[in-house]
Amino acid sequence: MAALFGKRLRRSAMTTAVAAAAVAALSASQAPGVTDTHGGRQSTADATPPPGDSATGNSPYYTALPDLNSPTPPPSTGPGGPGGTGTGASEAGIPATVLDAYKKAEAELAATKPGCKLPWQLLAAIGKVESGQARGGNVDANGTTLKQILGPPLDGNGFARITDTDNGVYDGDTTHDRAVGPMQFIPSTWAWSGRDGNGDGKKDPNNIYDAALAAGHYLCRGDRDLSQSGGLNAAILSYNHSQEYLNTVLSWLEFYRKGTHEVPDGTGVQPGDRSDGGPSPSPSPSSPGTTSPSPGTSKPSEPSKPGGSPGTGPSKPGDGGSTSPTPPTPAESVAYIEDAGTGKLAATAGDAFAERVAVRTENAAGKGVGTVKVKLTVVGDTDLAFSGGFKTVTVVTDSTGKAIAPPLRAGEDTGEFTVRATVVDRKLPGLDYTATVSARQADTLTRTDDKELTCEAGGQFADPVQVRATYKDAAADGVATTATLIKSKDDATENDKGPYFKDADGKAIRTLKGLKTDGDGRLQLPRIYADDATGTFLLRINTTGGATLTIELKVTAAAATASPSASPSAT
């Protein structure tokens, strides 16, 4: 015990010293994305999250620290090379698929939560201390770990006590929760924070794309700005309530900011020491007859062993070693899906929809069923999509059975489109919603100047015609516009004489279609020419939405050419 206690003291002292160096480096260098707002100190007093708010349930983590001076690509072989156990240059190598997942999560958060300023290196730092970058990148081509990564049961023995919340679906434990996957989410947290990062319609904590995106959203909660030290510390502490954890993550963050490189999957360096002083937990085995539990399925069966089945304890006299029937998954309990108060789905091209699709899953008794995955799909060939440009998203119902989709955003395609909601892993009739996209419109058209437009017959107008469109007093951009030279105020048919435009071949035309206003609602027409007809002519401009403007064009007779004076005759 004394030896173990001494080891923990030494590790704690080392962590504090290296973390202090990392904090100093972050402050001194003003690394991109990190701003010190506490006079050179990393304040944590105001960053501690509320009790019970933790992504990992405060599970154990790796405490190995980097060499802050050696983030350069390592040689392919030799001590500390890829696949080794030492720290130093080799630690800067991140498995290719894992690195890709971190960078894609950063890109999506930059689009959906730009104020958070999440750096992918923070995800890499957390992934390092939680799972050694998915056990050195031990993942398949889709980013799913080849073997499950599980933390110890959270049974209160040295950890928090969290009784089972998922019937063992994610962690295979029907007694206590366990942290799951490369980013070590506990099931109760994953139920609401899980994300589909690779677009396969699933939210799997064992998939690095899903887990990295979920971690990004988790860290960005509460309008945090991770470029500020207070927001950064609060985010890290919300993942695991430990000052030593904060120091360790900050050390790796600084290390990865100095430089990283990509290494093949499965060759990443795996860390050593654990915060609980115990050995590094191995991934759960994949042996014949066993499968890892996946979201939406019941706990997998395992081969029997002497004394009972794994996870159920030894057999008791009289029970024959049998186990209770596997409870139905949430999806299996759903009898139907219904609307949950979705309003009218309508928007103008290019705008976000004010209303969001809301559904509710219920069992046969009419009671809402929680933790059910609902897939929403934009049907057909259209540029209508959910936030982030996704045509398909998956959401999870809350405890009342209700789920709300991300906002829809209209593209440039106009008309009526279908959004379909279905229950994942359950063959039930879905719900179809009609989403209407209207063309951009303007209600007012005005000229940008008041110059009189005149020219001589057979010539061309010197000044261009420029107008500005507005809608409800705001600039109307991208509004479809038509310009026609008409016969009279009461006859809007195309004139057959007078001013005209030219087409690409130089031929005279008197109607222009397919025009659109610019970002400020402005539109400048092509040059206008005059034939030999004189008088006052009318140009009418119309927009989608009913805005109309009629402009006068005046054509005067060409000036007479003076003939040479006759010479006086001699007398």
# chains A, B, ... in the order shown; residues from 1 in each chain; ligands from 1

call {"tool": "residues_around", "arguments": {"residues": "Ala96 in chain A", "least_positions_apart": "2", "cutoff": "6 Å", "atoms": "only C-alpha atoms", "output": "JSON, numbers by chain"}}
result
{"A": [98, 99, 262, 263, 264, 265]}

call {"tool": "residues_around", "arguments": {"residues": "Ile404 in chain A", "least_positions_apart": "6", "cutoff": "7 Å", "atoms": "only C-alpha atoms", "output": "list in words"}}
result
Arg356, Val357, Ala358 and Val359 of chain A

call {"tool": "closest_residue", "arguments": {"among": "A:Leu213, A:Ala141, A:Val180, A:Ala439", "to": "Val479 in chain A", "atoms": "only C-alpha atoms"}}
result
A:Ala439

call {"tool": "residues_around", "arguments": {"residues": "range 119-135 of chain A", "least_positions_apart": "6", "cutoff": "8 Å", "atoms": "only C-alpha atoms", "output": "VMD selection string"}}
result
chain A and resid 33 60 to 64 94 to 95 98 to 99 102 to 103 105 to 106 145 149 181 to 184 208 212 215 to 216 248 to 250 252 to 253 256 to 257 266 268 to 271

call {"tool": "write_last_selection", "arguments": {"atoms": "C-alpha atoms", "output": "CSV table (one decimal), in the first residue's frame"}}
result
chain,number,residue,atom,x,y,z
A,33,GLY,CA,-8.1,29.6,-29.9
A,60,PRO,CA,-10.7,6.6,-14.4
A,61,TYR,CA,-8.5,8.0,-17.1
A,62,TYR,CA,-4.9,7.8,-18.4
A,63,THR,CA,-2.5,10.1,-16.5
A,64,ALA,CA,0.6,9.7,-18.7
A,94,ILE,CA,-2.6,10.4,-34.1
A,95,PRO,CA,-4.3,7.4,-36.0
A,98,VAL,CA,-9.3,9.2,-35.3
A,99,LEU,CA,-7.6,12.4,-36.5
A,102,TYR,CA,-11.7,15.1,-34.6
A,103,LYS,CA,-11.2,17.5,-37.6
A,105,ALA,CA,-16.2,17.5,-35.5
A,106,GLU,CA,-14.4,20.8,-35.3
A,145,THR,CA,-13.8,0.3,-32.4
A,149,ILE,CA,-13.8,0.0,-24.7
A,181,GLY,CA,-16.3,4.0,-26.2
A,182,PRO,CA,-13.3,6.1,-27.3
A,183,MET,CA,-14.6,9.2,-25.6
A,184,GLN,CA,-15.9,7.3,-22.6
A,208,ILE,CA,-15.1,7.7,-33.1
A,212,ALA,CA,-16.1,13.0,-31.2
A,215,ALA,CA,-17.9,15.4,-27.2
A,216,GLY,CA,-17.7,18.6,-29.2
A,248,THR,CA,-3.6,16.5,-17.8
A,249,VAL,CA,-5.9,17.5,-20.6
A,250,LEU,CA,-4.4,21.0,-20.8
A,252,TRP,CA,-2.0,17.3,-24.0
A,253,LEU,CA,-3.8,20.3,-25.6
A,256,TYR,CA,-1.0,18.8,-29.8
A,257,ARG,CA,-1.1,22.5,-30.6
A,266,GLY,CA,-3.8,0.6,-35.0
A,268,GLY,CA,-0.8,4.9,-32.2
A,269,VAL,CA,1.1,5.0,-28.9
A,270,GLN,CA,-1.0,3.7,-26.0
A,271,PRO,CA,-0.6,5.4,-22.6

call {"tool": "select_by_dssp", "arguments": {"residues": "range 95-267 of chain A", "states": "strand (DSSP E)", "output": "list in words"}}
result
Pro95, His261, Glu262 and Val263 of chain A

call {"tool": "write_last_selection", "arguments": {"atoms": "N, CA, C and O atoms", "output": "mmCIF file, in the first residue's frame"}}
result
data_model
loop_
_atom_site.group_PDB
_atom_site.id
_atom_site.type_symbol
_atom_site.label_atom_id
_atom_site.label_comp_id
_atom_site.auth_asym_id
_atom_site.auth_seq_id
_atom_site.Cartn_x
_atom_site.Cartn_y
_atom_site.Cartn_z
ATOM 1 N N PRO A 95 -3.747 8.335 -34.949
ATOM 2 C CA PRO A 95 -4.256 7.432 -35.982
ATOM 3 C C PRO A 95 -5.154 8.157 -36.984
ATOM 4 O O PRO A 95 -5.951 9.024 -36.608
ATOM 5 N N HIS A 261 1.074 14.633 -36.376
ATOM 6 C CA HIS A 261 1.138 14.015 -37.693
ATOM 7 C C HIS A 261 0.263 12.768 -37.676
ATOM 8 O O HIS A 261 -0.078 12.235 -36.623
ATOM 9 N N GLU A 262 -0.092 12.330 -38.860
ATOM 10 C CA GLU A 262 -0.987 11.183 -39.003
ATOM 11 C C GLU A 262 -0.177 9.885 -39.035
ATOM 12 O O GLU A 262 0.873 9.809 -39.655
ATOM 13 N N VAL A 263 -0.691 8.864 -38.323
ATOM 14 C CA VAL A 263 -0.090 7.534 -38.383
ATOM 15 C C VAL A 263 -1.173 6.539 -38.775
ATOM 16 O O VAL A 263 -2.369 6.815 -38.627
#

call {"tool": "residues_around", "arguments": {"residues": "Lys507 in chain A", "least_positions_apart": "6", "cutoff": "12 Å", "atoms": "only C-alpha atoms", "output": "PDB file with N, CA, C and O atoms, in the first residue's frame"}}
result
ATOM      1  N   TYR A 500     -34.628  49.226 -76.998  1.00  0.00           N
ATOM      2  CA  TYR A 500     -34.490  47.765 -76.958  1.00  0.00           C
ATOM      3  C   TYR A 500     -33.163  47.389 -76.286  1.00  0.00           C
ATOM      4  O   TYR A 500     -32.245  48.198 -76.164  1.00  0.00           O
ATOM      5  N   PHE A 501     -33.097  46.101 -75.839  1.00  0.00           N
ATOM      6  CA  PHE A 501     -31.852  45.508 -75.345  1.00  0.00           C
ATOM      7  C   PHE A 501     -31.248  44.686 -76.474  1.00  0.00           C
ATOM      8  O   PHE A 501     -31.869  44.521 -77.542  1.00  0.00           O
ATOM      9  N   TYR A 529     -30.657  50.550 -76.079  1.00  0.00           N
ATOM     10  CA  TYR A 529     -30.438  51.223 -77.362  1.00  0.00           C
ATOM     11  C   TYR A 529     -31.769  51.773 -77.889  1.00  0.00           C
ATOM     12  O   TYR A 529     -32.849  51.389 -77.422  1.00  0.00           O
TER      13      TYR A 529
END

call {"tool": "residues_around", "arguments": {"residues": "range 537-549 of chain A", "least_positions_apart": "3", "cutoff": "7 Å", "atoms": "only C-alpha atoms", "output": "PyMOL selection string"}}
result
chain A and resi 440-446+479-486+488+498+552-554

call {"tool": "residues_around", "arguments": {"residues": "Cys455 in chain A", "least_positions_apart": "4", "cutoff": "7 Å", "atoms": "only C-alpha atoms", "output": "CSV table (one decimal) with N, CA, C and O atoms, in the first residue's frame"}}
result
chain,number,residue,atom,x,y,z
A,459,GLY,N,-29.4,55.9,-81.4
A,459,GLY,CA,-28.2,55.9,-80.5
A,459,GLY,C,-28.4,55.0,-79.3
A,459,GLY,O,-29.1,54.0,-79.4
A,460,GLN,N,-27.7,55.3,-78.2
A,460,GLN,CA,-27.9,54.4,-77.0
A,460,GLN,C,-27.9,55.3,-75.8
A,460,GLN,O,-27.4,56.4,-75.8
A,461,PHE,N,-28.6,54.9,-74.7
A,461,PHE,CA,-28.8,55.6,-73.5
A,461,PHE,C,-27.4,55.6,-72.7
A,461,PHE,O,-26.8,54.6,-72.5
A,554,LYS,N,-37.0,58.6,-72.9
A,554,LYS,CA,-37.3,59.6,-74.0
A,554,LYS,C,-36.3,59.5,-75.1
A,554,LYS,O,-35.0,59.5,-74.9
A,555,VAL,N,-36.8,59.4,-76.4
A,555,VAL,CA,-36.0,59.4,-77.5
A,555,VAL,C,-36.3,60.6,-78.4
A,555,VAL,O,-37.4,60.8,-78.8
A,556,THR,N,-35.3,61.4,-78.7
A,556,THR,CA,-35.4,62.6,-79.5
A,556,THR,C,-34.9,62.4,-80.9
A,556,THR,O,-34.1,61.4,-81.1

call {"tool": "closest_residue", "arguments": {"among": "A:Asp518, A:Asp225, A:Asp503, A:Asp200", "to": "Pro114 in chain A", "atoms": "only C-alpha atoms"}}
result
A:Asp225

call {"tool": "atom_distance", "arguments": {"atom1": "CA of Arg221 in chain A", "atom2": "CA of Thr392 in chain A"}}
result
23.3 Å
